[in-house]
Amino acid sequence: MPFTVTGAFEDGATYSVQVTGRADRPVIGSHRAAALVELHEGSPVSLSPTGPVRTVAGDDEAAVLAVLREFTRVVEEGPGTPRQASVPG
């Protein structure tokens, strides 16, 4: 289910994207955010600070969101956003 993410890059540039869940176009709305996700496709990313780790794929909404969280400052996540994994404690 597509959802919206709003955030900022380290240089202060902001973005708002729709995470689509589509392998051919994982995010729509920012060429820079799309390039960031594409750059990390095939790389491991932790879905939360405590894991689990998954390989980034464009059709994996949780992994795409994890890339945005790791390499940008995510400010807002819209309805339908996958929940972060949690470790019972």
# chains A, B, ... in the order shown; residues from 1 in each chain; ligands from 1
>>> select_by_dssp(residues="chain A", states="strand (DSSP E or B)", output="ChimeraX atom specification")
/A:3-8,14-19,27-28,44-46,53-55,73-77
>>> write_last_selection(atoms="C-alpha atoms", output="PDB file, in the first residue's frame")
ATOM      1  CA  PHE A   3       2.377   5.855   1.674  1.00  0.00           C
ATOM      2  CA  THR A   4       3.975   9.291   1.878  1.00  0.00           C
ATOM      3  CA  VAL A   5       7.266  10.211   3.550  1.00  0.00           C
ATOM      4  CA  THR A   6       8.484  13.783   4.128  1.00  0.00           C
ATOM      5  CA  GLY A   7      12.046  14.516   5.135  1.00  0.00           C
ATOM      6  CA  ALA A   8      15.251  16.440   4.595  1.00  0.00           C
ATOM      7  CA  THR A  14      13.517  18.832   1.759  1.00  0.00           C
ATOM      8  CA  TYR A  15      11.540  16.171  -0.054  1.00  0.00           C
ATOM      9  CA  SER A  16       8.129  14.554  -0.042  1.00  0.00           C
ATOM     10  CA  VAL A  17       7.785  11.197  -1.768  1.00  0.00           C
ATOM     11  CA  GLN A  18       5.271   8.446  -2.208  1.00  0.00           C
ATOM     12  CA  VAL A  19       6.746   5.023  -1.510  1.00  0.00           C
ATOM     13  CA  VAL A  27       9.577   6.353  -4.840  1.00  0.00           C
ATOM     14  CA  ILE A  28       7.790   9.126  -6.710  1.00  0.00           C
ATOM     15  CA  PRO A  44      21.836  -4.552   3.338  1.00  0.00           C
ATOM     16  CA  VAL A  45      19.829  -2.154   5.494  1.00  0.00           C
ATOM     17  CA  SER A  46      18.579  -2.497   9.050  1.00  0.00           C
ATOM     18  CA  VAL A  53      18.558  -6.597   8.246  1.00  0.00           C
ATOM     19  CA  ARG A  54      17.192  -6.950   4.712  1.00  0.00           C
ATOM     20  CA  THR A  55      18.538  -6.406   1.230  1.00  0.00           C
ATOM     21  CA  ARG A  73      16.065  12.977   8.390  1.00  0.00           C
ATOM     22  CA  VAL A  74      12.520  11.647   8.059  1.00  0.00           C
ATOM     23  CA  VAL A  75      10.113  14.211   9.504  1.00  0.00           C
ATOM     24  CA  GLU A  76       6.727  12.668   8.791  1.00  0.00           C
ATOM     25  CA  GLU A  77       5.380   9.317   7.662  1.00  0.00           C
TER      26      GLU A  77
END
>>> closest_residue(among="A:His40, A:Ala62, A:Thr72, A:Ser48", to="Ala13 in chain A", atoms="only C-alpha atoms")
A:Thr72
>>> atom_distance(atom1="CA of His31 in chain A", atom2="CA of Gly58 in chain A")
14.5 Å
>>> closest_residue(among="A:Glu61, A:Leu68, A:Gly51, A:Leu39", to="Ala23 in chain A", atoms="only C-alpha atoms")
A:Glu61
>>> select_by_dssp(residues="chain A", states="alpha helix (DSSP H)", output="JSON, numbers by chain")
{"A": [31, 32, 33, 34, 35, 36, 37, 38, 39, 40, 61, 62, 63, 64, 65, 66, 67, 68, 69, 70, 71]}
>>> residues_around(residues="Val67 in chain A", least_positions_apart="3", cutoff="7 Å", atoms="only C-alpha atoms", output="NGL selection string")
:A and (37 or 45 or 63-64 or 70-71)
>>> atom_distance(atom1="CA of Pro79 in chain A", atom2="CA of Arg25 in chain A")
19.7 Å
>>> residues_around(residues="Gly21 in chain A", least_positions_apart="5", cutoff="6 Å", atoms="only C-alpha atoms", output="list of chain:residue names")
A:Pro26, A:Asp59, A:Asp60, A:Glu61
>>> write_last_selection(atoms="N, CA and C atoms", output="CSV table (one decimal), in the first residue's frame")
chain,number,residue,atom,x,y,z
A,26,PRO,N,10.4,2.8,-7.1
A,26,PRO,CA,10.1,2.6,-5.6
A,26,PRO,C,9.6,3.9,-4.9
A,59,ASP,N,10.7,-3.0,-4.5
A,59,ASP,CA,9.3,-3.5,-4.2
A,59,ASP,C,9.2,-3.8,-2.7
A,60,ASP,N,10.2,-3.6,-1.9
A,60,ASP,CA,10.1,-3.8,-0.4
A,60,ASP,C,10.0,-2.5,0.3
A,61,GLU,N,8.7,-2.1,0.6
A,61,GLU,CA,8.4,-0.8,1.1
A,61,GLU,C,9.2,-0.5,2.4
>>> atom_distance(atom1="CA of Gly12 in chain A", atom2="CA of Ala66 in chain A")
19.3 Å
>>> closest_residue(among="A:Arg22, A:Pro82, A:Glu10, A:Gly42", to="Leu65 in chain A", atoms="only C-alpha atoms")
A:Pro82
>>> decode(residues="range 3-61 of chain A", atoms="C-alpha atoms", output="PDB file, in the first residue's frame")
ATOM      1  CA  PHE A   3       2.377   5.855   1.674  1.00  0.00           C
ATOM      2  CA  THR A   4       3.975   9.291   1.878  1.00  0.00           C
ATOM      3  CA  VAL A   5       7.266  10.211   3.550  1.00  0.00           C
ATOM      4  CA  THR A   6       8.484  13.783   4.128  1.00  0.00           C
ATOM      5  CA  GLY A   7      12.046  14.516   5.135  1.00  0.00           C
ATOM      6  CA  ALA A   8      15.251  16.440   4.595  1.00  0.00           C
ATOM      7  CA  PHE A   9      18.710  15.663   3.282  1.00  0.00           C
ATOM      8  CA  GLU A  10      21.863  16.586   5.235  1.00  0.00           C
ATOM      9  CA  ASP A  11      22.227  19.804   3.241  1.00  0.00           C
ATOM     10  CA  GLY A  12      18.741  20.930   4.330  1.00  0.00           C
ATOM     11  CA  ALA A  13      16.963  20.236   1.031  1.00  0.00           C
ATOM     12  CA  THR A  14      13.517  18.832   1.759  1.00  0.00           C
ATOM     13  CA  TYR A  15      11.540  16.171  -0.054  1.00  0.00           C
ATOM     14  CA  SER A  16       8.129  14.554  -0.042  1.00  0.00           C
ATOM     15  CA  VAL A  17       7.785  11.197  -1.768  1.00  0.00           C
ATOM     16  CA  GLN A  18       5.271   8.446  -2.208  1.00  0.00           C
ATOM     17  CA  VAL A  19       6.746   5.023  -1.510  1.00  0.00           C
ATOM     18  CA  THR A  20       5.024   2.892  -4.128  1.00  0.00           C
ATOM     19  CA  GLY A  21       6.066  -0.695  -3.489  1.00  0.00           C
ATOM     20  CA  ARG A  22       6.911  -1.003  -7.198  1.00  0.00           C
ATOM     21  CA  ALA A  23      10.287  -2.424  -8.213  1.00  0.00           C
ATOM     22  CA  ASP A  24      10.519  -0.197 -11.290  1.00  0.00           C
ATOM     23  CA  ARG A  25       9.756   3.022  -9.400  1.00  0.00           C
ATOM     24  CA  PRO A  26      10.137   2.645  -5.616  1.00  0.00           C
ATOM     25  CA  VAL A  27       9.577   6.353  -4.840  1.00  0.00           C
ATOM     26  CA  ILE A  28       7.790   9.126  -6.710  1.00  0.00           C
ATOM     27  CA  GLY A  29       8.123  12.844  -6.036  1.00  0.00           C
ATOM     28  CA  SER A  30      11.848  13.502  -5.658  1.00  0.00           C
ATOM     29  CA  HIS A  31      14.526  12.576  -8.170  1.00  0.00           C
ATOM     30  CA  ARG A  32      17.133  12.871  -5.429  1.00  0.00           C
ATOM     31  CA  ALA A  33      15.324  10.496  -3.052  1.00  0.00           C
ATOM     32  CA  ALA A  34      14.738   8.078  -5.942  1.00  0.00           C
ATOM     33  CA  ALA A  35      18.461   8.166  -6.773  1.00  0.00           C
ATOM     34  CA  LEU A  36      19.313   7.516  -3.120  1.00  0.00           C
ATOM     35  CA  VAL A  37      17.110   4.433  -3.021  1.00  0.00           C
ATOM     36  CA  GLU A  38      18.475   3.224  -6.368  1.00  0.00           C
ATOM     37  CA  LEU A  39      22.050   3.703  -5.122  1.00  0.00           C
ATOM     38  CA  HIS A  40      21.401   1.369  -2.181  1.00  0.00           C
ATOM     39  CA  GLU A  41      19.414  -1.329  -3.998  1.00  0.00           C
ATOM     40  CA  GLY A  42      21.028  -4.701  -3.356  1.00  0.00           C
ATOM     41  CA  SER A  43      22.732  -3.449  -0.184  1.00  0.00           C
ATOM     42  CA  PRO A  44      21.836  -4.552   3.338  1.00  0.00           C
ATOM     43  CA  VAL A  45      19.829  -2.154   5.494  1.00  0.00           C
ATOM     44  CA  SER A  46      18.579  -2.497   9.050  1.00  0.00           C
ATOM     45  CA  LEU A  47      14.812  -2.028   9.318  1.00  0.00           C
ATOM     46  CA  SER A  48      15.217  -0.610  12.819  1.00  0.00           C
ATOM     47  CA  PRO A  49      18.083   0.119  15.206  1.00  0.00           C
ATOM     48  CA  THR A  50      17.861  -3.464  16.486  1.00  0.00           C
ATOM     49  CA  GLY A  51      17.270  -5.177  13.117  1.00  0.00           C
ATOM     50  CA  PRO A  52      16.325  -7.236  11.248  1.00  0.00           C
ATOM     51  CA  VAL A  53      18.558  -6.597   8.246  1.00  0.00           C
ATOM     52  CA  ARG A  54      17.192  -6.950   4.712  1.00  0.00           C
ATOM     53  CA  THR A  55      18.538  -6.406   1.230  1.00  0.00           C
ATOM     54  CA  VAL A  56      17.126  -3.242  -0.308  1.00  0.00           C
ATOM     55  CA  ALA A  57      14.717  -3.933  -3.170  1.00  0.00           C
ATOM     56  CA  GLY A  58      12.444  -1.385  -4.820  1.00  0.00           C
ATOM     57  CA  ASP A  59       9.330  -3.459  -4.161  1.00  0.00           C
ATOM     58  CA  ASP A  60      10.121  -3.809  -0.437  1.00  0.00           C
ATOM     59  CA  GLU A  61       8.417  -0.789   1.140  1.00  0.00           C
TER      60      GLU A  61
END
